file model_24.cif (mmCIF, C-alpha atoms)
data_start
#
loop_
_atom_site.label_atom_id
_atom_site.label_comp_id
_atom_site.auth_asym_id
_atom_site.auth_seq_id
_atom_site.Cartn_x
_atom_site.Cartn_y
_atom_site.Cartn_z
CA MET A 13 166.05 95.71 96.61
CA ASN A 14 165.96 99.02 98.28
CA THR A 15 168.25 99.42 101.24
CA LEU A 16 167.43 103.05 102.03
CA SER A 17 167.95 103.74 105.71
CA GLN A 18 165.37 105.61 107.72
CA ALA A 19 167.79 108.51 108.02
CA ASP A 20 168.30 108.62 104.25
CA ALA A 21 164.56 108.50 103.67
CA ALA A 22 164.02 111.35 106.10
CA ALA A 23 166.72 113.42 104.41
CA ALA A 24 165.23 112.81 100.95
CA ALA A 25 161.79 113.76 102.19
CA LEU A 26 163.18 117.00 103.59
CA ARG A 27 164.91 117.92 100.32
CA ASN A 28 161.65 117.42 98.41
CA ALA A 29 159.46 119.19 100.95
CA ALA A 30 159.18 122.51 99.10
CA ALA A 31 158.39 120.83 95.78
CA LEU A 32 155.84 118.54 97.40
CA ASP A 33 154.19 121.45 99.21
CA ALA A 34 153.84 123.13 95.82
CA ALA A 35 152.38 120.03 94.16
CA VAL A 36 148.83 120.53 92.95
CA PHE A 37 146.39 117.67 93.47
CA ASN A 38 142.92 117.58 91.91
CA GLY A 39 139.61 117.59 93.75
CA ASP A 40 140.10 113.92 94.62
CA GLY A 41 143.57 114.64 96.03
CA LEU A 42 145.30 113.02 93.04
CA LEU A 43 147.68 113.94 90.24
CA PRO A 44 148.49 112.00 87.07
CA ALA A 45 151.85 110.24 86.92
CA VAL A 46 153.26 109.40 83.50
CA ILE A 47 155.50 106.34 83.69
CA GLN A 48 158.31 106.11 81.12
CA GLN A 49 160.92 103.40 80.57
CA TRP A 50 164.19 105.19 81.37
CA ASP A 51 166.34 103.75 78.54
CA THR A 52 163.99 103.09 75.62
CA HIS A 53 161.79 106.09 76.54
CA GLU A 54 158.58 104.15 75.92
CA VAL A 55 155.58 105.71 77.67
CA LEU A 56 154.39 102.67 79.61
CA MET A 57 151.25 103.91 81.36
CA LEU A 58 149.63 106.67 83.33
CA GLY A 59 148.61 106.18 86.95
CA TRP A 60 147.36 108.37 89.77
CA MET A 61 149.05 109.35 93.02
CA ASN A 62 147.95 111.12 96.14
CA ARG A 63 150.59 112.87 98.24
CA THR A 64 151.45 109.75 100.20
CA ALA A 65 151.83 107.62 97.06
CA LEU A 66 154.08 110.32 95.59
CA GLU A 67 156.22 110.47 98.71
CA ARG A 68 156.49 106.69 98.84
CA THR A 69 157.49 106.59 95.16
CA LEU A 70 160.28 109.08 95.80
CA VAL A 71 161.79 107.29 98.80
CA GLU A 72 161.06 103.59 98.31
CA GLY A 73 162.71 102.99 94.92
CA ARG A 74 159.48 101.55 93.49
CA VAL A 75 156.39 103.19 92.04
CA THR A 76 153.28 103.32 94.23
CA PHE A 77 149.95 104.56 92.87
CA TRP A 78 146.60 105.22 94.46
CA SER A 79 144.16 102.80 92.85
CA ARG A 80 140.97 104.72 92.10
CA SER A 81 139.01 101.53 91.42
CA ARG A 82 140.12 99.72 94.57
CA GLN A 83 140.61 102.84 96.73
CA GLU A 84 143.93 101.59 98.09
CA TYR A 85 147.66 101.98 97.61
CA TRP A 86 149.03 99.91 94.79
CA THR A 87 152.76 99.29 94.68
CA LYS A 88 153.21 98.21 91.10
CA GLY A 89 154.34 94.60 90.82
CA ASP A 90 153.36 93.40 94.31
CA THR A 91 150.86 90.99 92.76
CA SER A 92 152.08 90.64 89.17
CA GLY A 93 155.82 90.84 89.73
CA HIS A 94 155.91 93.60 87.12
CA VAL A 95 157.77 96.00 89.35
CA GLN A 96 158.67 99.55 88.34
CA TYR A 97 162.04 100.56 89.79
CA VAL A 98 162.38 104.34 90.01
CA LYS A 99 165.26 106.02 88.20
CA SER A 100 164.15 109.67 88.38
CA ALA A 101 161.05 111.82 88.78
CA ALA A 102 160.05 115.38 87.98
CA LEU A 103 157.00 117.57 88.46
CA ASP A 104 155.93 119.72 85.53
CA CYS A 105 155.85 123.52 85.28
CA ASP A 106 152.40 123.67 86.91
CA SER A 107 153.35 121.10 89.58
CA ASP A 108 150.23 119.14 88.71
CA THR A 109 151.72 116.27 86.69
CA LEU A 110 154.52 113.86 87.54
CA LEU A 111 156.88 112.13 85.11
CA VAL A 112 158.66 109.07 86.47
CA GLN A 113 161.51 107.29 84.68
CA VAL A 114 161.54 103.62 85.63
CA ASP A 115 163.03 100.26 84.93
CA GLN A 116 159.95 98.20 84.11
CA VAL A 117 160.18 94.48 84.88
CA GLY A 118 158.20 92.53 82.28
CA VAL A 119 155.10 94.25 80.99
CA ALA A 120 153.45 97.40 82.28
CA CYS A 121 149.91 96.58 81.18
CA HIS A 122 147.55 94.20 82.95
CA THR A 123 146.46 93.00 79.50
CA GLY A 124 149.95 91.60 78.90
CA THR A 125 151.27 94.19 76.47
CA ARG A 126 154.51 96.02 77.15
CA THR A 127 152.76 99.40 77.39
CA CYS A 128 149.11 100.27 78.01
CA PHE A 129 148.98 101.92 74.56
CA ASP A 130 150.28 99.06 72.40
CA GLY A 131 147.98 98.03 69.57
CA ARG A 132 145.43 100.72 70.43
CA ASP A 133 146.23 103.26 67.73
CA LEU A 134 143.51 105.59 66.53
CA VAL A 135 143.23 106.76 62.94
CA VAL A 136 144.84 110.18 62.63
CA THR A 137 145.48 112.74 59.99
CA VAL A 138 149.24 113.22 60.05
CA GLY A 139 150.28 116.86 60.33
CA THR A 140 153.45 118.21 58.74
CA ARG A 141 155.44 121.41 59.02
CA PRO A 142 154.83 123.84 56.14
CA GLU A 143 158.42 123.57 54.90
CA GLU A 144 158.09 119.81 54.47
CA THR A 145 155.37 120.25 51.87
CA ALA A 146 156.81 123.33 50.14
CA MET B 1 149.92 122.21 56.37
CA ASN B 2 146.99 119.89 56.56
CA THR B 3 145.19 119.25 53.31
CA LEU B 4 142.65 116.76 54.60
CA SER B 5 139.48 116.92 52.54
CA GLN B 6 136.09 117.00 54.20
CA ALA B 7 135.43 113.50 52.86
CA ASP B 8 138.69 112.20 54.35
CA ALA B 9 137.89 113.82 57.68
CA ALA B 10 134.47 112.24 57.72
CA ALA B 11 135.93 108.84 56.88
CA ALA B 12 138.54 109.12 59.65
CA ALA B 13 135.90 110.15 62.15
CA LEU B 14 133.84 107.11 61.19
CA ARG B 15 136.77 104.72 61.62
CA ASN B 16 137.43 106.11 65.13
CA ALA B 17 133.79 106.19 66.17
CA ALA B 18 133.82 102.95 68.17
CA ALA B 19 137.02 103.87 70.00
CA LEU B 20 135.76 107.38 70.73
CA ASP B 21 132.45 106.06 72.01
CA ALA B 22 134.44 103.85 74.39
CA ALA B 23 136.65 106.72 75.58
CA VAL B 24 136.22 107.48 79.27
CA PHE B 25 136.16 111.13 80.30
CA ASN B 26 136.27 112.28 83.92
CA GLY B 27 133.58 114.17 85.80
CA ASP B 28 134.61 117.35 83.99
CA GLY B 29 134.33 115.63 80.61
CA LEU B 30 138.12 115.50 80.16
CA LEU B 31 140.88 112.96 79.78
CA PRO B 32 144.64 113.45 80.13
CA ALA B 33 146.70 113.51 76.93
CA VAL B 34 150.41 112.73 77.18
CA ILE B 35 152.33 114.46 74.41
CA GLN B 36 155.54 112.80 73.25
CA GLN B 37 158.05 113.88 70.61
CA TRP B 38 157.77 111.14 67.97
CA ASP B 39 161.50 110.74 67.16
CA THR B 40 163.40 111.54 70.37
CA HIS B 41 160.58 110.12 72.55
CA GLU B 42 160.80 113.01 75.02
CA VAL B 43 157.64 113.39 77.09
CA LEU B 44 156.90 117.02 76.33
CA MET B 45 153.82 117.77 78.43
CA LEU B 46 150.43 116.60 79.57
CA GLY B 47 147.27 118.41 78.55
CA TRP B 48 143.54 117.79 78.82
CA MET B 49 141.01 117.07 76.08
CA ASN B 50 137.25 116.84 75.96
CA ARG B 51 135.69 114.75 73.22
CA THR B 52 135.67 117.59 70.72
CA ALA B 53 139.33 118.45 71.36
CA LEU B 54 140.19 114.77 70.92
CA GLU B 55 138.26 114.53 67.65
CA ARG B 56 139.88 117.73 66.37
CA THR B 57 143.34 116.41 67.29
CA LEU B 58 142.70 113.24 65.30
CA VAL B 59 141.50 114.91 62.13
CA GLU B 60 143.21 118.31 61.98
CA GLY B 61 146.87 117.23 62.10
CA ARG B 62 147.56 119.48 65.09
CA VAL B 63 146.99 119.02 68.81
CA THR B 64 144.03 120.80 70.38
CA PHE B 65 143.48 120.81 74.13
CA TRP B 66 140.71 122.08 76.35
CA SER B 67 142.23 124.78 78.53
CA ARG B 68 140.92 124.28 82.06
CA SER B 69 142.17 127.69 83.18
CA ARG B 70 140.69 129.63 80.24
CA GLN B 71 137.75 127.26 79.62
CA GLU B 72 138.29 127.32 75.87
CA TYR B 73 139.80 125.25 73.08
CA TRP B 74 143.53 125.70 72.77
CA THR B 75 145.19 124.62 69.54
CA LYS B 76 148.80 124.43 70.62
CA GLY B 77 150.95 127.00 68.84
CA ASP B 78 148.21 129.37 67.66
CA THR B 79 149.66 132.11 69.86
CA SER B 80 153.23 130.93 70.49
CA GLY B 81 153.99 129.33 67.14
CA HIS B 82 155.02 126.22 69.06
CA VAL B 83 152.78 123.94 67.04
CA GLN B 84 152.44 120.22 67.73
CA TYR B 85 151.95 118.28 64.47
CA VAL B 86 150.28 114.93 65.09
CA LYS B 87 152.08 111.76 63.98
CA SER B 88 149.99 109.13 65.80
CA ALA B 89 147.68 108.70 68.76
CA ALA B 90 146.46 105.83 70.94
CA LEU B 91 144.07 105.37 73.83
CA ASP B 92 145.23 103.19 76.70
CA CYS B 93 143.80 99.87 77.90
CA ASP B 94 141.18 101.65 80.02
CA SER B 95 140.37 104.15 77.25
CA ASP B 96 140.83 106.98 79.76
CA THR B 97 144.27 108.28 78.74
CA LEU B 98 145.56 109.40 75.35
CA LEU B 99 149.15 109.24 74.09
CA VAL B 100 149.95 111.49 71.14
CA GLN B 101 153.17 111.34 69.16
CA VAL B 102 153.95 114.75 67.71
CA ASP B 103 156.51 116.85 65.91
CA GLN B 104 156.98 119.73 68.35
CA VAL B 105 157.99 123.05 66.80
CA GLY B 106 160.30 124.90 69.18
CA VAL B 107 159.58 124.39 72.85
CA ALA B 108 156.59 122.69 74.45
CA CYS B 109 156.63 124.63 77.72
CA HIS B 110 155.33 128.16 78.21
CA THR B 111 158.36 128.77 80.47
CA GLY B 112 160.67 128.31 77.48
CA THR B 113 162.05 124.88 78.22
CA ARG B 114 161.81 122.09 75.66
CA THR B 115 159.58 119.99 77.91
CA CYS B 116 157.44 120.95 80.89
CA PHE B 117 159.55 118.66 83.09
CA ASP B 118 163.04 120.00 82.30
CA GLY B 119 165.02 121.13 85.33
CA ARG B 120 162.27 120.11 87.74
CA ASP B 121 163.72 116.85 89.04
CA LEU B 122 162.81 115.69 92.51
CA VAL B 123 165.19 113.83 94.81
CA VAL B 124 164.57 110.11 94.51
CA THR B 125 165.90 106.91 95.93
CA VAL B 126 166.96 104.92 92.88
CA GLY B 127 165.55 101.39 92.83
CA THR B 128 167.39 98.45 91.30
CA ARG B 129 166.49 94.91 90.36
CA PRO B 130 167.65 92.31 92.88
CA GLU B 131 170.04 90.67 90.40
CA GLU B 132 171.88 93.96 89.92
CA THR B 133 172.88 94.04 93.56
CA ALA B 134 173.46 90.31 94.01
#

call {"tool": "encode", "arguments": {"input": "model_24.cif", "output": "structure tokens"}}
result
Amino acid sequence: MNTLSQADAAAAALRNAAALDAAVFNGDGLLPAVIQQWDTHEVLMLGWMNRTALERTLVEGRVTFWSRSRQEYWTKGDTSGHVQYVKSAALDCDSDTLLVQVDQVGVACHTGTRTCFDGRDLVVTVGTRPEETA
Amino acid sequence: MNTLSQADAAAAALRNAAALDAAVFNGDGLLPAVIQQWDTHEVLMLGWMNRTALERTLVEGRVTFWSRSRQEYWTKGDTSGHVQYVKSAALDCDSDTLLVQVDQVGVACHTGTRTCFDGRDLVVTVGTRPEETA
């Protein structure tokens, strides 16, 4: 578990302050957070964070979302045990999307699949670079 | 390049119809699309699609977004040459997020980095499973 001291948490918050002040939240005060398994690089899910959820995710060692359906903070795994331990996080070039690398315990999806995208493929036309078909 | 016939495109659209009818767009008629490099599994960027952009992405072999800033369709690479060729796509369990596997030509980010997250790491407290620290 996370043994971050209050002093460490305060220091981390300070170092992120400029980036967090630049973060762009939507009209509901949220930004999308893409959650990726750090070693296999599977995209596990996408959740939403307000500023407090983002700050908690950065300092607590576990991912916290803002649940839009329940209108409350949702620290992933509190109920299911399917905790997401944070390995790293980055904002994108527009500061309006977060990418979090995690260690996912068990499955990410509430339906029981490893990722929220498993088994939900659409039919696509595969595109190829011109040189591949030359 | 894409040599999909009109008949093939129509057939693909038909096979996706149920999934697309179930897709959930936000108040602006958009959903987030996570773009991932199919072989290295890098998360390249996140863009936004309305239903037409999504349908075009599925049948044209290249990724098309809806540009919120320019309020127009944006087929990635038309200006920059940094085309995203579609390999596969899936909606998530809530049908409100898309994951697209692509072959990214050159760089994904308009700033010149491979992904939109490169070099933009935040300071995090790394979380670990209890057994790792036992």

call {"tool": "residues_near_point", "arguments": {"input": "model_24.cif", "point": "(160.6, 102.0, 84.5)", "cutoff": "6 Å", "atoms": "all atoms listed in the file", "output": "tab-separated table (two decimals) with C-alpha atoms, in the frame of the given file"}}
result
chain	number	residue	atom	x	y	z
A	48	GLN	CA	158.31	106.11	81.12
A	49	GLN	CA	160.92	103.40	80.57
A	50	TRP	CA	164.19	105.19	81.37
A	96	GLN	CA	158.67	99.55	88.34
A	97	TYR	CA	162.04	100.56	89.79
A	113	GLN	CA	161.51	107.29	84.68
A	114	VAL	CA	161.54	103.62	85.63
A	115	ASP	CA	163.03	100.26	84.93
A	116	GLN	CA	159.95	98.20	84.11

call {"tool": "interface_residues", "arguments": {"input": "model_24.cif", "of": "chain B", "to": "chain A", "cutoff": "6 Å", "atoms": "all atoms listed in the file", "output": "short mmCIF file (atom, residue, chain, number, x, y, z; two decimals) with C-alpha atoms, keeping the file's coordinate frame"}}
result
data_model
loop_
_atom_site.label_atom_id
_atom_site.label_comp_id
_atom_site.auth_asym_id
_atom_site.auth_seq_id
_atom_site.Cartn_x
_atom_site.Cartn_y
_atom_site.Cartn_z
CA MET B 1 149.92 122.21 56.37
CA ASN B 2 146.99 119.89 56.56
CA HIS B 41 160.58 110.12 72.55
CA LEU B 58 142.70 113.24 65.30
CA VAL B 59 141.50 114.91 62.13
CA GLY B 61 146.87 117.23 62.10
CA TYR B 85 151.95 118.28 64.47
CA VAL B 86 150.28 114.93 65.09
CA LYS B 87 152.08 111.76 63.98
CA ALA B 89 147.68 108.70 68.76
CA ALA B 90 146.46 105.83 70.94
CA LEU B 91 144.07 105.37 73.83
CA ASP B 92 145.23 103.19 76.70
CA CYS B 93 143.80 99.87 77.90
CA CYS B 116 157.44 120.95 80.89
CA PHE B 117 159.55 118.66 83.09
CA ARG B 120 162.27 120.11 87.74
CA ASP B 121 163.72 116.85 89.04
CA LEU B 122 162.81 115.69 92.51
CA VAL B 124 164.57 110.11 94.51
CA THR B 125 165.90 106.91 95.93
CA VAL B 126 166.96 104.92 92.88
CA GLY B 127 165.55 101.39 92.83
CA THR B 128 167.39 98.45 91.30
CA PRO B 130 167.65 92.31 92.88
#

call {"tool": "atom_distance", "arguments": {"input": "model_24.cif", "atom1": "atom CA of B:Ala53", "atom2": "atom CA of B:Trp74"}}
result
8.5 Å

call {"tool": "closest_residue", "arguments": {"input": "model_24.cif", "among": "A:Gln18, A:Ser79, A:Ser92, A:Asn38", "to": "A:Trp60", "atoms": "only C-alpha atoms"}}
result
A:Ser79

call {"tool": "atom_distance", "arguments": {"input": "model_24.cif", "atom1": "atom CA of A:Thr76", "atom2": "atom CA of B:Ser69"}}
result
29.0 Å

call {"tool": "atom_distance", "arguments": {"input": "model_24.cif", "atom1": "atom CA of B:Gly27", "atom2": "atom CA of A:Leu42"}}
result
13.8 Å

call {"tool": "closest_residue", "arguments": {"input": "model_24.cif", "among": "B:Ala7, B:Gly77, B:Gly112, B:Leu31", "to": "B:Thr52", "atoms": "all atoms listed in the file"}}
result
B:Leu31

call {"tool": "axis_aligned_box", "arguments": {"input": "model_24.cif", "around": "stretch 61-69 of chain A", "padding_each_side": "8 Å", "output": "AutoDock Vina command-line options"}}
result
--center_x 152.7 --center_y 109.7 --center_z 96.6 --size_x 25.5 --size_y 22.3 --size_z 23.2

call {"tool": "closest_residue", "arguments": {"input": "model_24.cif", "among": "B:Arg70, B:Arg51, B:Arg114, B:Lys76", "to": "B:Asp28", "atoms": "all atoms listed in the file"}}
result
B:Arg51

call {"tool": "decode", "arguments": {"input": "model_24.cif", "residues": "stretch 29-138 of chain A", "atoms": "C-alpha atoms", "output": "compact mmCIF listing (two decimals), in the first residue's frame"}}
result
# COMPACT_ATOMS: atom_id res chain seq x y z
CA ALA A 29 1.04 22.76 -9.73
CA ALA A 30 1.94 24.46 -13.01
CA ALA A 31 0.85 21.48 -15.11
CA LEU A 32 -2.39 21.15 -13.17
CA ASP A 33 -3.12 24.85 -13.50
CA ALA A 34 -2.71 24.42 -17.26
CA ALA A 35 -4.99 21.37 -17.39
CA VAL A 36 -8.12 21.95 -19.45
CA PHE A 37 -11.37 20.52 -18.11
CA ASN A 38 -14.59 20.42 -20.13
CA GLY A 39 -17.82 22.22 -19.35
CA ASP A 40 -18.59 19.65 -16.66
CA GLY A 41 -15.16 20.18 -15.08
CA LEU A 42 -13.86 16.82 -16.36
CA LEU A 43 -11.15 15.46 -18.63
CA PRO A 44 -10.83 11.97 -20.11
CA ALA A 45 -8.20 9.68 -18.59
CA VAL A 46 -6.94 6.79 -20.71
CA ILE A 47 -5.81 3.91 -18.50
CA GLN A 48 -3.08 1.65 -19.90
CA GLN A 49 -1.44 -1.44 -18.40
CA TRP A 50 2.17 -0.34 -17.91
CA ASP A 51 3.91 -3.56 -19.06
CA THR A 52 1.64 -5.14 -21.68
CA HIS A 53 0.47 -1.71 -22.92
CA GLU A 54 -3.15 -2.84 -23.17
CA VAL A 55 -5.59 0.08 -23.18
CA LEU A 56 -7.80 -1.00 -20.29
CA MET A 57 -10.47 1.69 -20.15
CA LEU A 58 -11.24 5.37 -20.27
CA GLY A 59 -12.57 7.22 -17.23
CA TRP A 60 -13.21 10.82 -16.27
CA MET A 61 -11.49 12.98 -13.68
CA ASN A 62 -12.15 16.38 -12.22
CA ARG A 63 -9.22 18.31 -10.77
CA THR A 64 -9.51 16.69 -7.37
CA ALA A 65 -9.65 13.16 -8.82
CA LEU A 66 -6.58 13.99 -10.91
CA GLU A 67 -4.68 15.31 -7.91
CA ARG A 68 -5.65 12.29 -5.83
CA THR A 69 -4.52 9.95 -8.62
CA LEU A 70 -1.12 11.64 -8.72
CA VAL A 71 -0.44 11.49 -4.99
CA GLU A 72 -2.29 8.43 -3.68
CA GLY A 73 -0.73 5.70 -5.83
CA ARG A 74 -4.16 4.52 -7.01
CA VAL A 75 -6.47 5.77 -9.75
CA THR A 76 -9.49 7.82 -8.68
CA PHE A 77 -12.17 8.86 -11.18
CA TRP A 78 -15.22 11.05 -10.94
CA SER A 79 -18.20 8.80 -11.60
CA ARG A 80 -20.56 10.69 -13.91
CA SER A 81 -23.40 8.22 -13.30
CA ARG A 82 -23.11 8.24 -9.51
CA GLN A 83 -21.77 11.81 -9.18
CA GLU A 84 -19.12 10.77 -6.67
CA TYR A 85 -15.44 9.94 -6.44
CA TRP A 86 -14.64 6.41 -7.43
CA THR A 87 -11.30 4.96 -6.39
CA LYS A 88 -11.02 2.02 -8.72
CA GLY A 89 -11.09 -1.29 -6.87
CA ASP A 90 -12.60 -0.10 -3.58
CA THR A 91 -15.64 -2.29 -4.20
CA SER A 92 -14.39 -4.84 -6.75
CA GLY A 93 -10.83 -5.25 -5.55
CA HIS A 94 -9.71 -4.50 -9.10
CA VAL A 95 -7.31 -1.79 -8.04
CA GLN A 96 -5.26 0.28 -10.48
CA TYR A 97 -1.84 1.09 -9.03
CA VAL A 98 -0.32 4.16 -10.68
CA LYS A 99 3.05 3.82 -12.40
CA SER A 100 3.16 7.11 -14.35
CA ALA A 101 0.89 9.78 -15.79
CA ALA A 102 1.13 12.44 -18.49
CA LEU A 103 -1.08 15.18 -19.87
CA ASP A 104 -1.23 15.54 -23.63
CA CYS A 105 -0.08 18.46 -25.78
CA ASP A 106 -3.38 20.30 -25.27
CA SER A 107 -3.46 19.48 -21.54
CA ASP A 108 -7.00 18.18 -21.96
CA THR A 109 -6.39 14.41 -21.86
CA LEU A 110 -4.55 12.29 -19.31
CA LEU A 111 -2.73 9.01 -19.93
CA VAL A 112 -2.11 6.88 -16.86
CA GLN A 113 0.12 3.80 -16.81
CA VAL A 114 -1.08 1.38 -14.15
CA ASP A 115 -0.71 -2.06 -12.71
CA GLN A 116 -4.24 -3.43 -13.03
CA VAL A 117 -5.25 -6.04 -10.46
CA GLY A 118 -7.60 -8.56 -12.08
CA VAL A 119 -9.91 -7.16 -14.71
CA ALA A 120 -10.53 -3.53 -15.61
CA CYS A 121 -14.08 -3.95 -16.89
CA HIS A 122 -17.18 -4.33 -14.74
CA THR A 123 -18.39 -6.93 -17.25
CA GLY A 124 -15.50 -9.21 -16.27
CA THR A 125 -13.28 -8.78 -19.31
CA ARG A 126 -9.68 -7.71 -18.94
CA THR A 127 -10.26 -4.46 -20.84
CA CYS A 128 -13.47 -2.56 -21.58
CA PHE A 129 -12.86 -3.10 -25.32
CA ASP A 130 -12.42 -6.89 -25.38
CA GLY A 131 -14.76 -8.72 -27.73
CA ARG A 132 -16.36 -5.49 -28.94
CA ASP A 133 -14.63 -5.13 -32.30
CA LEU A 134 -16.39 -3.28 -35.09
CA VAL A 135 -16.07 -4.24 -38.73
CA VAL A 136 -13.44 -2.07 -40.36
CA THR A 137 -11.86 -1.62 -43.71
CA VAL A 138 -8.15 -2.09 -43.07
